[in-house]
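Novice: The following file, structure-v7.cif, comprises mmCIF, C-alpha atoms and all ligand atoms:
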```cif
data_input
#
loop_
_atom_site.label_atom_id
_atom_site.label_comp_id
_atom_site.auth_asym_id
_atom_site.auth_seq_id
_atom_site.Cartn_x
_atom_site.Cartn_y
_atom_site.Cartn_z
CA MET A 1 -155.94 -169.98 -11.15
CA THR A 2 -156.59 -166.25 -10.94
CA ILE A 3 -155.36 -164.31 -13.94
CA ARG A 4 -154.12 -160.77 -13.32
CA LEU A 5 -153.56 -158.35 -16.18
CA TYR A 6 -152.06 -154.90 -16.23
CA ASN A 7 -154.74 -152.54 -17.51
CA THR A 8 -153.53 -149.36 -19.22
CA LEU A 9 -156.91 -147.78 -18.48
CA THR A 10 -156.66 -148.18 -14.68
CA LYS A 11 -152.84 -148.13 -14.55
CA SER A 12 -152.94 -151.17 -12.26
CA LYS A 13 -152.69 -154.92 -12.36
CA ASP A 14 -156.27 -156.12 -11.90
CA VAL A 15 -157.87 -159.52 -11.41
CA PHE A 16 -159.28 -160.58 -14.75
CA ALA A 17 -163.00 -161.40 -14.64
CA PRO A 18 -164.64 -161.84 -18.06
CA ILE A 19 -168.10 -160.42 -18.73
CA ASP A 20 -169.18 -163.90 -19.83
CA PRO A 21 -166.85 -166.81 -18.97
CA ASN A 22 -168.55 -168.78 -21.75
CA ASN A 23 -167.46 -166.21 -24.31
CA VAL A 24 -164.25 -164.40 -23.38
CA ARG A 25 -163.63 -161.76 -26.06
CA MET A 26 -160.29 -160.31 -27.13
CA TYR A 27 -159.35 -157.98 -29.97
CA VAL A 28 -155.87 -157.09 -31.18
CA CYS A 29 -155.03 -154.51 -33.86
CA GLY A 30 -153.54 -156.46 -36.76
CA PRO A 31 -151.19 -155.73 -39.65
CA THR A 32 -151.48 -153.20 -42.45
CA VAL A 33 -150.97 -155.45 -45.43
CA TYR A 34 -148.78 -153.09 -47.42
CA ASP A 35 -145.37 -154.59 -46.73
CA PHE A 36 -143.87 -157.69 -45.16
CA ALA A 37 -144.22 -157.63 -41.38
CA HIS A 38 -141.09 -156.78 -39.36
CA ILE A 39 -140.10 -158.53 -36.17
CA GLY A 40 -141.61 -155.68 -34.12
CA ASN A 41 -145.00 -156.64 -35.60
CA GLY A 42 -144.30 -160.19 -34.47
CA ARG A 43 -144.32 -159.09 -30.84
CA PRO A 44 -148.07 -158.49 -30.39
CA ALA A 45 -148.81 -161.53 -32.58
CA ILE A 46 -146.81 -163.78 -30.21
CA ILE A 47 -147.73 -162.07 -26.91
CA PHE A 48 -151.46 -162.11 -27.50
CA ASP A 49 -151.25 -165.64 -28.86
CA VAL A 50 -149.80 -166.67 -25.48
CA LEU A 51 -152.67 -164.86 -23.76
CA PHE A 52 -155.15 -166.55 -26.14
CA ARG A 53 -153.67 -169.92 -25.16
CA LEU A 54 -153.79 -169.10 -21.44
CA LEU A 55 -157.44 -168.02 -21.73
CA ARG A 56 -158.29 -171.20 -23.67
CA HIS A 57 -156.52 -173.23 -21.01
CA THR A 58 -158.48 -171.45 -18.27
CA TYR A 59 -161.96 -171.07 -19.82
CA GLY A 60 -161.92 -173.83 -22.45
CA ALA A 61 -160.95 -173.53 -26.10
CA ALA A 62 -164.57 -173.17 -27.24
CA HIS A 63 -165.18 -170.24 -24.88
CA VAL A 64 -162.64 -167.73 -26.14
CA THR A 65 -163.10 -165.47 -29.19
CA TYR A 66 -160.01 -163.76 -30.54
CA VAL A 67 -160.28 -161.24 -33.37
CA ARG A 68 -157.30 -159.71 -35.16
CA ASN A 69 -158.11 -157.39 -38.05
CA ILE A 70 -156.42 -156.86 -41.39
CA THR A 71 -155.96 -153.24 -42.41
CA ASP A 72 -156.30 -153.21 -46.18
CA ILE A 73 -157.46 -149.59 -46.46
CA ASP A 74 -154.44 -147.35 -46.18
CA ASP A 75 -153.11 -144.36 -48.11
CA LYS A 76 -150.00 -146.22 -49.28
CA ILE A 77 -152.06 -149.24 -50.39
CA ASN A 78 -154.51 -146.91 -52.14
CA ALA A 79 -151.75 -145.11 -54.00
CA ARG A 80 -150.22 -148.39 -55.15
CA ALA A 81 -153.63 -149.77 -56.20
CA ALA A 82 -154.38 -146.61 -58.21
CA GLU A 83 -150.98 -146.90 -59.92
CA ARG A 84 -151.49 -150.55 -60.74
CA ALA A 85 -155.06 -150.02 -61.99
CA LYS A 86 -153.80 -147.30 -64.33
CA ALA A 87 -151.15 -149.59 -65.80
CA ASP A 88 -153.59 -152.51 -66.01
CA LYS A 89 -155.28 -152.91 -69.39
CA ARG A 90 -157.98 -155.32 -68.13
CA ASN A 91 -160.23 -152.53 -66.85
CA VAL A 92 -160.69 -154.28 -63.50
CA PRO A 93 -162.57 -152.38 -60.75
CA ILE A 94 -160.13 -150.59 -58.44
CA LEU A 95 -161.31 -152.52 -55.37
CA ASP A 96 -160.46 -155.81 -57.11
CA VAL A 97 -156.99 -154.44 -57.88
CA LEU A 98 -156.62 -153.49 -54.20
CA ARG A 99 -157.65 -157.00 -53.16
CA GLU A 100 -155.13 -158.63 -55.52
CA LEU A 101 -152.47 -156.30 -54.21
CA THR A 102 -153.07 -157.06 -50.53
CA GLU A 103 -153.79 -160.78 -50.93
CA GLY A 104 -150.14 -161.70 -51.43
CA THR A 105 -148.87 -159.62 -48.50
CA TYR A 106 -151.57 -161.07 -46.29
CA ALA A 107 -150.76 -164.66 -47.30
CA VAL A 108 -147.12 -164.08 -46.31
CA TYR A 109 -148.15 -162.55 -42.97
CA ARG A 110 -150.44 -165.46 -42.23
CA GLU A 111 -147.69 -167.96 -43.00
CA ASP A 112 -145.13 -165.93 -41.00
CA VAL A 113 -147.17 -165.88 -37.81
CA ARG A 114 -148.05 -169.55 -38.23
CA SER A 115 -144.32 -170.26 -38.36
CA LEU A 116 -143.96 -168.26 -35.14
CA GLY A 117 -146.27 -170.82 -33.54
CA CYS A 118 -149.35 -168.58 -33.37
CA LEU A 119 -152.83 -170.07 -33.55
CA GLU A 120 -155.21 -168.55 -36.07
CA PRO A 121 -157.51 -166.04 -34.38
CA THR A 122 -161.20 -166.91 -34.40
CA TYR A 123 -161.88 -164.16 -36.94
CA MET A 124 -159.60 -162.07 -39.13
CA PRO A 125 -161.89 -159.39 -40.57
CA ARG A 126 -160.67 -157.17 -43.41
CA ALA A 127 -161.46 -153.47 -43.33
CA THR A 128 -162.67 -153.50 -46.94
CA GLU A 129 -165.41 -155.97 -46.00
CA TYR A 130 -166.85 -153.82 -43.19
CA VAL A 131 -167.21 -150.43 -44.85
CA GLN A 132 -171.03 -150.49 -44.59
CA GLN A 133 -170.74 -151.01 -40.81
CA MET A 134 -168.28 -148.11 -40.64
CA ILE A 135 -170.73 -145.89 -42.55
CA ALA A 136 -173.54 -146.93 -40.17
CA MET A 137 -171.40 -146.15 -37.12
CA THR A 138 -170.48 -142.75 -38.56
CA GLN A 139 -174.18 -141.99 -39.08
CA ASN A 140 -174.90 -142.95 -35.46
CA LEU A 141 -172.13 -140.63 -34.29
CA ILE A 142 -173.57 -137.75 -36.30
CA VAL A 143 -177.05 -138.35 -34.85
CA ALA A 144 -175.59 -138.44 -31.32
CA GLY A 145 -173.79 -135.13 -31.91
CA TYR A 146 -170.30 -136.67 -31.75
CA ALA A 147 -169.54 -136.11 -35.41
CA TYR A 148 -170.18 -133.62 -38.19
CA ALA A 149 -169.90 -133.66 -41.97
CA ALA A 150 -167.93 -130.95 -43.77
CA GLU A 151 -166.71 -130.76 -47.36
CA GLY A 152 -166.94 -134.50 -48.04
CA HIS A 153 -165.27 -135.30 -44.71
CA VAL A 154 -166.84 -136.50 -41.50
CA LEU A 155 -164.99 -135.55 -38.33
CA PHE A 156 -165.21 -136.66 -34.73
CA ARG A 157 -165.96 -133.74 -32.41
CA VAL A 158 -163.35 -134.38 -29.71
CA LYS A 159 -164.51 -131.59 -27.35
CA LYS A 160 -167.92 -133.28 -27.09
CA LYS A 161 -166.29 -136.31 -25.44
CA ALA A 162 -165.49 -134.96 -21.98
CA ASP A 163 -163.26 -137.89 -20.96
CA TYR A 164 -161.25 -137.93 -24.20
CA GLY A 165 -157.65 -138.81 -23.31
CA LYS A 166 -158.52 -141.17 -20.45
CA LEU A 167 -156.46 -144.02 -21.89
CA ALA A 168 -153.30 -142.14 -22.79
CA ARG A 169 -153.69 -139.65 -19.90
CA ARG A 170 -151.86 -136.92 -21.65
CA SER A 171 -152.20 -133.19 -21.62
CA LEU A 172 -154.00 -131.53 -24.49
CA ASP A 173 -150.71 -130.08 -25.81
CA ASP A 174 -149.13 -133.51 -25.70
CA MET A 175 -152.07 -135.02 -27.50
CA ILE A 176 -152.02 -132.39 -30.21
CA ALA A 177 -148.31 -133.04 -30.77
CA GLY A 178 -148.79 -136.84 -30.66
CA ALA A 179 -151.68 -136.84 -33.09
CA ARG A 180 -149.70 -134.67 -35.55
CA VAL A 181 -152.83 -132.62 -35.80
CA ASP A 182 -153.27 -130.72 -39.01
CA VAL A 183 -155.40 -127.63 -39.09
CA ALA A 184 -157.86 -127.84 -41.96
CA PRO A 185 -160.46 -125.19 -42.80
CA TYR A 186 -163.35 -127.67 -42.58
CA LYS A 187 -162.49 -128.63 -38.96
CA GLU A 188 -164.31 -127.08 -36.01
CA ASP A 189 -161.30 -127.79 -33.81
CA PRO A 190 -157.73 -128.90 -34.65
CA MET A 191 -158.08 -132.00 -32.41
CA ASP A 192 -161.06 -133.36 -34.37
CA PHE A 193 -160.12 -136.52 -36.23
CA VAL A 194 -161.30 -138.05 -39.49
CA LEU A 195 -164.02 -140.70 -39.63
CA TRP A 196 -164.56 -140.41 -43.38
CA LYS A 197 -162.65 -138.66 -46.12
CA PRO A 198 -163.24 -138.14 -49.83
CA SER A 199 -161.47 -140.20 -52.50
CA VAL A 200 -160.85 -139.01 -56.04
CA ALA A 201 -162.30 -141.18 -58.81
CA GLU A 202 -159.04 -143.07 -59.50
CA GLN A 203 -158.58 -143.99 -55.82
CA PRO A 204 -160.23 -146.87 -53.98
CA GLY A 205 -163.46 -145.69 -52.40
CA TRP A 206 -167.08 -146.38 -51.58
CA GLU A 207 -170.32 -144.49 -52.08
CA SER A 208 -171.56 -142.93 -48.85
CA PRO A 209 -174.05 -140.27 -47.69
CA TRP A 210 -171.07 -137.86 -47.84
CA GLY A 211 -170.00 -138.78 -51.36
CA TYR A 212 -167.39 -141.17 -52.77
CA GLY A 213 -164.74 -141.74 -50.13
CA ARG A 214 -163.11 -144.02 -47.59
CA PRO A 215 -163.06 -144.50 -43.83
CA GLY A 216 -160.37 -143.18 -41.51
CA TRP A 217 -158.10 -145.83 -39.99
CA HIS A 218 -159.37 -145.64 -36.38
CA LEU A 219 -162.94 -146.32 -37.43
CA GLU A 220 -162.28 -149.78 -38.81
CA CYS A 221 -161.41 -151.34 -35.44
CA SER A 222 -164.47 -149.84 -33.71
CA ALA A 223 -166.78 -151.10 -36.47
CA MET A 224 -165.23 -154.56 -36.73
CA ILE A 225 -165.27 -155.10 -32.95
CA GLU A 226 -168.96 -154.22 -32.90
CA ALA A 227 -169.68 -156.50 -35.87
CA THR A 228 -167.76 -159.52 -34.60
CA MET A 229 -168.11 -159.33 -30.81
CA GLY A 230 -170.61 -156.65 -29.78
CA GLU A 231 -170.35 -153.34 -27.93
CA THR A 232 -168.13 -154.24 -24.99
CA ILE A 233 -165.30 -156.77 -25.05
CA ASP A 234 -163.02 -158.08 -22.31
CA ILE A 235 -159.55 -157.34 -23.66
CA HIS A 236 -158.21 -154.98 -26.30
CA GLY A 237 -154.54 -155.28 -27.16
CA GLY A 238 -151.87 -153.78 -29.37
CA GLY A 239 -148.45 -152.17 -29.40
CA VAL A 240 -147.78 -149.21 -27.09
CA ASP A 241 -147.31 -147.04 -30.19
CA LEU A 242 -151.04 -147.50 -30.91
CA MET A 243 -152.19 -146.20 -27.52
CA PHE A 244 -152.42 -142.66 -28.82
CA PRO A 245 -154.13 -141.57 -30.93
CA HIS A 246 -155.41 -144.88 -32.39
CA HIS A 247 -156.81 -146.57 -29.27
CA GLU A 248 -157.96 -143.32 -27.71
CA ASN A 249 -159.95 -142.65 -30.89
CA GLU A 250 -161.34 -146.18 -30.98
CA ILE A 251 -162.70 -145.58 -27.45
CA ALA A 252 -164.17 -142.20 -28.41
CA GLN A 253 -165.93 -143.63 -31.48
CA SER A 254 -167.31 -146.79 -29.86
CA GLU A 255 -168.46 -145.11 -26.66
CA GLY A 256 -169.96 -142.26 -28.66
CA ALA A 257 -171.90 -144.69 -30.85
CA HIS A 258 -172.93 -146.96 -27.95
CA HIS A 259 -174.44 -144.58 -25.37
CA GLY A 260 -171.21 -144.50 -23.37
CA HIS A 261 -170.89 -148.27 -22.98
CA PRO A 262 -167.18 -149.09 -22.66
CA LEU A 263 -165.39 -150.55 -25.68
CA ALA A 264 -163.07 -152.82 -23.66
CA ARG A 265 -162.65 -153.50 -19.97
CA VAL A 266 -158.93 -154.25 -20.12
CA TRP A 267 -156.47 -152.45 -22.39
CA MET A 268 -153.11 -154.13 -22.87
CA HIS A 269 -150.04 -152.72 -24.62
CA ASN A 270 -146.82 -154.44 -25.51
CA GLY A 271 -143.57 -152.46 -25.38
CA PHE A 272 -141.28 -151.31 -28.18
CA LEU A 273 -138.78 -153.55 -29.88
CA ASN A 274 -135.30 -152.38 -30.84
CA VAL A 275 -132.82 -154.29 -32.97
CA GLU A 276 -129.27 -154.60 -31.62
CA GLY A 277 -129.85 -151.58 -29.40
CA GLU A 278 -131.26 -149.33 -32.12
CA LYS A 279 -134.69 -148.30 -33.20
CA MET A 280 -135.64 -150.30 -36.28
CA SER A 281 -135.87 -148.21 -39.41
CA LYS A 282 -135.49 -148.67 -43.14
CA SER A 283 -132.94 -145.87 -43.32
CA LEU A 284 -130.72 -147.48 -40.66
CA GLY A 285 -130.78 -150.73 -42.61
CA ASN A 286 -131.80 -152.75 -39.56
CA PHE A 287 -135.35 -153.33 -40.69
CA VAL A 288 -135.74 -157.04 -40.02
CA THR A 289 -138.72 -158.82 -41.54
CA ILE A 290 -140.10 -161.98 -39.96
CA ASN A 291 -139.89 -163.61 -43.37
CA GLU A 292 -136.13 -162.94 -43.64
CA LEU A 293 -135.48 -164.19 -40.10
CA LEU A 294 -137.36 -167.41 -40.79
CA LYS A 295 -134.89 -168.25 -43.54
CA ASP A 296 -132.11 -168.57 -40.97
CA TRP A 297 -133.88 -169.31 -37.69
CA PRO A 298 -136.58 -171.79 -36.75
CA GLY A 299 -139.82 -170.00 -35.88
CA GLU A 300 -139.75 -171.57 -32.41
CA VAL A 301 -136.44 -169.87 -31.66
CA LEU A 302 -137.90 -166.48 -32.62
CA ARG A 303 -140.94 -167.19 -30.44
CA PHE A 304 -138.86 -168.24 -27.47
CA ASN A 305 -136.57 -165.24 -27.83
CA MET A 306 -139.61 -162.95 -27.81
CA LEU A 307 -140.96 -164.51 -24.61
CA ARG A 308 -137.73 -164.09 -22.66
CA THR A 309 -138.61 -160.41 -22.17
CA HIS A 310 -141.77 -159.37 -20.34
CA TYR A 311 -144.25 -157.99 -22.87
CA ARG A 312 -144.52 -154.54 -21.23
CA GLN A 313 -140.76 -154.00 -21.18
CA PRO A 314 -138.91 -152.55 -24.14
CA MET A 315 -137.13 -155.38 -25.90
CA ASP A 316 -133.74 -155.54 -27.55
CA TRP A 317 -133.74 -158.05 -30.39
CA THR A 318 -130.23 -159.44 -30.89
CA VAL A 319 -128.47 -162.29 -32.65
CA ALA A 320 -126.89 -163.18 -29.28
CA GLY A 321 -130.38 -163.51 -27.79
CA MET A 322 -131.57 -165.74 -30.63
CA THR A 323 -128.48 -167.94 -30.30
CA GLU A 324 -129.05 -168.28 -26.57
CA SER A 325 -132.73 -169.09 -27.19
CA TRP A 326 -131.80 -171.77 -29.70
CA LYS A 327 -129.46 -173.41 -27.16
CA THR A 328 -132.09 -173.50 -24.43
CA LEU A 329 -134.78 -174.92 -26.69
CA GLU A 330 -132.36 -177.50 -28.09
CA LYS A 331 -131.51 -178.61 -24.57
CA TRP A 332 -135.17 -178.85 -23.60
CA TYR A 333 -136.27 -180.60 -26.76
CA ALA A 334 -133.52 -183.18 -26.21
CA VAL A 335 -135.16 -184.32 -22.97
CA THR A 336 -138.80 -183.78 -23.80
CA GLU A 337 -141.52 -183.41 -26.44
CA PRO A 338 -144.07 -180.60 -25.92
CA LEU A 339 -147.52 -181.92 -25.07
CA ALA A 340 -150.72 -180.85 -26.78
CA ASP A 341 -152.79 -181.28 -23.62
CA PRO A 342 -150.41 -179.88 -21.06
CA PRO A 343 -150.18 -180.85 -17.40
CA VAL A 344 -148.54 -177.64 -16.22
CA GLY A 345 -146.59 -176.91 -13.07
CA ALA A 346 -148.07 -174.61 -10.43
CA ALA A 347 -145.14 -172.17 -10.34
CA PHE A 348 -145.14 -171.91 -14.13
CA LEU A 349 -148.88 -171.27 -14.35
CA GLU A 350 -148.75 -168.78 -11.51
CA ALA A 351 -146.06 -166.77 -13.31
CA LEU A 352 -147.94 -166.84 -16.60
CA SER A 353 -151.19 -165.81 -14.88
CA ASP A 354 -149.39 -162.88 -13.28
CA ASP A 355 -149.75 -160.45 -16.18
CA LEU A 356 -148.13 -162.89 -18.61
CA ASN A 357 -144.81 -162.94 -16.82
CA THR A 358 -143.13 -165.12 -19.41
CA PRO A 359 -139.55 -164.60 -18.12
CA ALA A 360 -140.66 -165.90 -14.69
CA ALA A 361 -142.59 -168.73 -16.36
CA ILE A 362 -139.47 -169.70 -18.32
CA ALA A 363 -137.41 -169.55 -15.10
CA ALA A 364 -139.96 -171.94 -13.55
CA LEU A 365 -139.51 -174.31 -16.50
CA HIS A 366 -135.76 -174.41 -15.81
CA GLN A 367 -136.66 -175.87 -12.39
CA SER A 368 -139.37 -178.24 -13.67
CA SER A 369 -139.51 -182.00 -14.03
CA ASP A 370 -139.39 -183.20 -17.64
CA HIS A 371 -143.11 -183.88 -17.54
CA GLU A 372 -144.02 -180.36 -16.43
CA LEU A 373 -141.46 -178.90 -18.80
CA ALA A 374 -143.26 -180.64 -21.65
CA GLY A 375 -146.61 -179.30 -20.44
CA GLY A 376 -145.31 -175.75 -20.05
CA LEU A 377 -143.72 -175.74 -23.50
CA GLY A 378 -147.00 -176.98 -24.95
CA LEU A 379 -149.02 -174.26 -23.25
CA LEU A 380 -146.59 -171.59 -24.47
CA GLY A 381 -147.18 -172.76 -28.03
CA PHE A 382 -144.01 -174.77 -28.74
CA SER A 383 -144.34 -177.86 -30.88
CA ASN A 384 -140.78 -178.82 -31.85
CA THR A 385 -141.47 -179.13 -35.55
CA GLN A 386 -139.29 -176.47 -37.10
CA MET A 387 -136.23 -177.17 -34.98
CA LYS A 388 -136.46 -180.79 -36.04
CA ILE A 389 -136.78 -179.72 -39.64
CA ALA A 390 -133.84 -177.33 -39.31
CA ALA A 391 -131.73 -180.10 -37.79
CA LYS A 392 -132.84 -182.53 -40.48
CA LYS A 393 -131.94 -180.10 -43.21
CA GLU A 394 -128.36 -179.98 -42.02
CA VAL A 395 -127.77 -183.70 -41.64
CA ASP A 396 -130.11 -185.18 -44.21
CA GLU A 397 -129.39 -183.48 -47.51
CA VAL A 398 -127.55 -186.56 -48.73
CA ALA A 399 -130.32 -188.86 -47.49
CA ILE A 400 -132.95 -186.75 -49.26
CA ALA A 401 -131.00 -186.88 -52.51
CA GLN A 402 -130.76 -190.68 -52.17
CA ALA A 403 -134.51 -190.95 -51.51
CA ILE A 404 -135.25 -188.84 -54.59
CA GLU A 405 -133.05 -191.15 -56.68
CA ALA A 406 -134.78 -194.24 -55.24
CA ARG A 407 -138.18 -192.73 -56.02
CA LYS A 408 -137.08 -191.93 -59.58
CA ALA A 409 -135.98 -195.53 -60.05
CA ALA A 410 -139.28 -196.82 -58.62
CA ARG A 411 -141.24 -194.62 -61.02
CA ALA A 412 -139.11 -195.78 -63.95
CA ARG A 413 -140.10 -199.38 -63.20
CA LYS A 414 -143.72 -198.23 -62.66
CA ASP A 415 -143.69 -199.21 -58.99
CA PHE A 416 -145.91 -196.28 -58.00
CA LYS A 417 -146.73 -197.76 -54.63
CA GLU A 418 -143.06 -197.54 -53.67
CA SER A 419 -142.59 -194.08 -55.21
CA ASP A 420 -145.61 -192.78 -53.25
CA ARG A 421 -144.31 -194.38 -50.09
CA ILE A 422 -140.98 -192.57 -50.44
CA ARG A 423 -142.73 -189.25 -51.11
CA ASP A 424 -145.03 -189.68 -48.08
CA GLU A 425 -142.18 -190.66 -45.81
CA LEU A 426 -140.28 -187.50 -46.75
CA LEU A 427 -143.42 -185.43 -46.24
CA ALA A 428 -143.87 -186.90 -42.77
CA ASN A 429 -140.38 -185.57 -42.04
CA GLY A 430 -141.25 -182.13 -43.30
CA ILE A 431 -139.76 -182.43 -46.80
CA VAL A 432 -141.98 -181.54 -49.77
CA LEU A 433 -141.01 -182.88 -53.21
CA LYS A 434 -141.70 -180.85 -56.32
CA ASP A 435 -141.63 -182.54 -59.72
CA GLY A 436 -140.78 -180.20 -62.56
CA PRO A 437 -139.29 -180.23 -66.05
CA GLN A 438 -135.75 -180.11 -64.56
CA GLY A 439 -136.43 -183.14 -62.38
CA THR A 440 -137.40 -183.38 -58.73
CA THR A 441 -136.50 -180.71 -56.20
CA TRP A 442 -137.35 -180.49 -52.50
CA GLU A 443 -138.17 -177.85 -49.95
CA ILE A 444 -138.90 -177.67 -46.26
CA LYS A 445 -142.54 -177.67 -45.33
CA ARG A 446 -143.28 -174.70 -43.09
ZN ZN A 501 -157.14 -150.82 -33.85
#
```
Can you give me the file's structure in the form of structure tokens?

Specialist:
Amino acid sequence: MTIRLYNTLTKSKDVFAPIDPNNVRMYVCGPTVYDFAHIGNGRPAIIFDVLFRLLRHTYGAAHVTYVRNITDIDDKINARAAERAKADKRNVPILDVLRELTEGTYAVYREDVRSLGCLEPTYMPRATEYVQQMIAMTQNLIVAGYAYAAEGHVLFRVKKKADYGKLARRSLDDMIAGARVDVAPYKEDPMDFVLWKPSVAEQPGWESPWGYGRPGWHLECSAMIEATMGETIDIHGGGVDLMFPHHENEIAQSEGAHHGHPLARVWMHNGFLNVEGEKMSKSLGNFVTINELLKDWPGEVLRFNMLRTHYRQPMDWTVAGMTESWKTLEKWYAVTEPLADPPVGAAFLEALSDDLNTPAAIAALHQSSDHELAGGLGLLGFSNTQMKIAAKKEVDEVAIAQAIEARKAARARKDFKESDRIRDELLANGIVLKDGPQGTTWEIKR
């Protein structure tokens, strides 16, 4: 099956042909681990997971590398780390404080996207672990004339890159406005962007040829792509809001450091996500985290709801949509179980291979035999675990309480074989028991 993907760089839907079919390489800009991820962040996670699955289906699971980074260098993270280190009496190095700080947020993100049915990417590099590579890339850019050091900063010389702007295709005025360019005395040109900037002693930072400091955000993706997959990859993805300046700058840096070799052959961008018709924002009070949603909705329902809109279209996230998604999945799960090794229908696969047309693929599933429905659901990453658990939770609270009592009685008469059996049976149904000083409680395994 021929896969066609819309390429932001060419502005057309092109036949996808990997550089090496034995190692198809895809990179997606990942989360900044400062706060819990909102449902808008869930969109690229789900969309590119579907593409990852389609590529694995087409080229074989062992022949696809998917890298999604973790941004743990960020001004807000730095400020919080500095604050915490100051209050901390242990005298722990600031970078250890930063790691502690981001570890928890990252663990929640990882669990959130797993609940959304996403496979783990092949690699999930953290920015803080690739600073030496970023320094090396910056040095290469200076040698090649694409960058210059000034007052503890290193800046990318945008005018030197004649095709700068080729991804976003904007006018210079537009780009200046979009990049929120600030004019600083050490800059040769207002458009020049930061590769390295100084940190004060209390802030997280690293020693470099330009003094104690930290990398600019754009640099981390360029350096981590090079380190994990080489100079040129097949697909680079992310939200449309990252196209400019972030992706444009990634291209400038990588091509500048690699003698003009392209960073990625295909650039893919998912559209915006609104909530109930409005732009999500903390001030509007409609800032919906994935973690909050998962308390009320099975992850599969959120995943299905996301896939009902084509990834390039703007999406309106609504309760009505989630309810509708739940109904459809419930109906389908009643007649079928998703298959791990899916025999998929031709119309379904054709739709999915046509620039990930998930609404058309879902329409094809509505027409499918139960067998092909099961295969299609499997390929789209549905497993029918959380819906079952959600259903169980509603009907089985009494049964769980009875099982806990029976286990307590078994333990009292030292019949540990029976008490273990009860615990394992509950676990097999997604219920985890926790023994504590107040007795035994239970929770749903996610
Ligand atoms: Zn990036």

Novice: Could I get the residue neighbourhood of ligand ZN 501 (chain A) at 8 Å, counting all atoms listed in the file, as a PyMOL selection string?

Specialist: chain A and resi 28-30+69+217-218+220-222+238+242+246-247+250

Novice: Restricting the calculation to only C-alpha atoms, which member of A:Thr8, A:Gln132, A:Thr2, A:Asn291 is positioned closest to Arg312 of chain A?

Specialist: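 Looking only at the distances to Arg312 of chain A, the closest residue turns out to be A:Thr8.
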
Novice: Calculated over all atoms listed in the file, which of the candidates A:Arg80, A:His63, A:His57, A:His236 has the smallest distance to Pro342 of chain A?

Specialist: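 Distance minimum relative to Pro342 of chain A lands on A:His57.
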
Novice: Please identify every residue of segment 244-340 of chain A that has at least one atom no farther than 10 Å from an atom of segment 33-56 of chain A, counting all atoms listed in the file, and for each give the shortest atom pair and the distance in Å to one decimal, arranged by chain then increasing number, as a tab-separated table.

Specialist:
```
residue	atom	partner	partner_atom	distance
A:Met268	CA	A:Phe48	CA	9.4
A:His269	CA	A:Pro44	CA	8.4
A:Asn270	CA	A:Pro44	CA	6.5
A:Gly271	CA	A:Arg43	CA	8.6
A:Phe272	CA	A:Gly40	CA	7.4
A:Leu273	CA	A:Gly40	CA	5.5
A:Asn274	CA	A:Gly40	CA	7.8
A:Val275	CA	A:Gly40	CA	9.0
A:Met280	CA	A:Gly40	CA	8.3
A:Phe287	CA	A:His38	CA	6.8
A:Val288	CA	A:His38	CA	5.4
A:Thr289	CA	A:His38	CA	3.8
A:Ile290	CA	A:Ile39	CA	5.1
A:Asn291	CA	A:Phe36	CA	7.4
A:Glu292	CA	A:His38	CA	9.0
A:Leu293	CA	A:Ile39	CA	8.3
A:Leu302	CA	A:Ile39	CA	9.0
A:Arg303	CA	A:Ile46	CA	6.8
A:Phe304	CA	A:Ile46	CA	9.5
A:Met306	CA	A:Arg43	CA	6.8
A:Leu307	CA	A:Ile47	CA	7.6
A:His310	CA	A:Ile47	CA	9.3
A:Tyr311	CA	A:Ile47	CA	6.7
A:Arg312	CA	A:Ile47	CA	10.0
A:Met315	CA	A:Gly40	CA	9.4
A:Trp317	CA	A:Ile39	CA	8.6
```

Novice: Suppose we keep C-alpha atoms; can you now write the selection as a PDB file, keeping the file's coordinate frame?

Specialist:
```pdb
ATOM      1  CA  MET A 268    -153.110-154.130 -22.870  1.00  0.00           C
ATOM      2  CA  HIS A 269    -150.040-152.720 -24.620  1.00  0.00           C
ATOM      3  CA  ASN A 270    -146.820-154.440 -25.510  1.00  0.00           C
ATOM      4  CA  GLY A 271    -143.570-152.460 -25.380  1.00  0.00           C
ATOM      5  CA  PHE A 272    -141.280-151.310 -28.180  1.00  0.00           C
ATOM      6  CA  LEU A 273    -138.780-153.550 -29.880  1.00  0.00           C
ATOM      7  CA  ASN A 274    -135.300-152.380 -30.840  1.00  0.00           C
ATOM      8  CA  VAL A 275    -132.820-154.290 -32.970  1.00  0.00           C
ATOM      9  CA  MET A 280    -135.640-150.300 -36.280  1.00  0.00           C
ATOM     10  CA  PHE A 287    -135.350-153.330 -40.690  1.00  0.00           C
ATOM     11  CA  VAL A 288    -135.740-157.040 -40.020  1.00  0.00           C
ATOM     12  CA  THR A 289    -138.720-158.820 -41.540  1.00  0.00           C
ATOM     13  CA  ILE A 290    -140.100-161.980 -39.960  1.00  0.00           C
ATOM     14  CA  ASN A 291    -139.890-163.610 -43.370  1.00  0.00           C
ATOM     15  CA  GLU A 292    -136.130-162.940 -43.640  1.00  0.00           C
ATOM     16  CA  LEU A 293    -135.480-164.190 -40.100  1.00  0.00           C
ATOM     17  CA  LEU A 302    -137.900-166.480 -32.620  1.00  0.00           C
ATOM     18  CA  ARG A 303    -140.940-167.190 -30.440  1.00  0.00           C
ATOM     19  CA  PHE A 304    -138.860-168.240 -27.470  1.00  0.00           C
ATOM     20  CA  MET A 306    -139.610-162.950 -27.810  1.00  0.00           C
ATOM     21  CA  LEU A 307    -140.960-164.510 -24.610  1.00  0.00           C
ATOM     22  CA  HIS A 310    -141.770-159.370 -20.340  1.00  0.00           C
ATOM     23  CA  TYR A 311    -144.250-157.990 -22.870  1.00  0.00           C
ATOM     24  CA  ARG A 312    -144.520-154.540 -21.230  1.00  0.00           C
ATOM     25  CA  MET A 315    -137.130-155.380 -25.900  1.00  0.00           C
ATOM     26  CA  TRP A 317    -133.740-158.050 -30.390  1.00  0.00           C
TER      27      TRP A 317
END
```
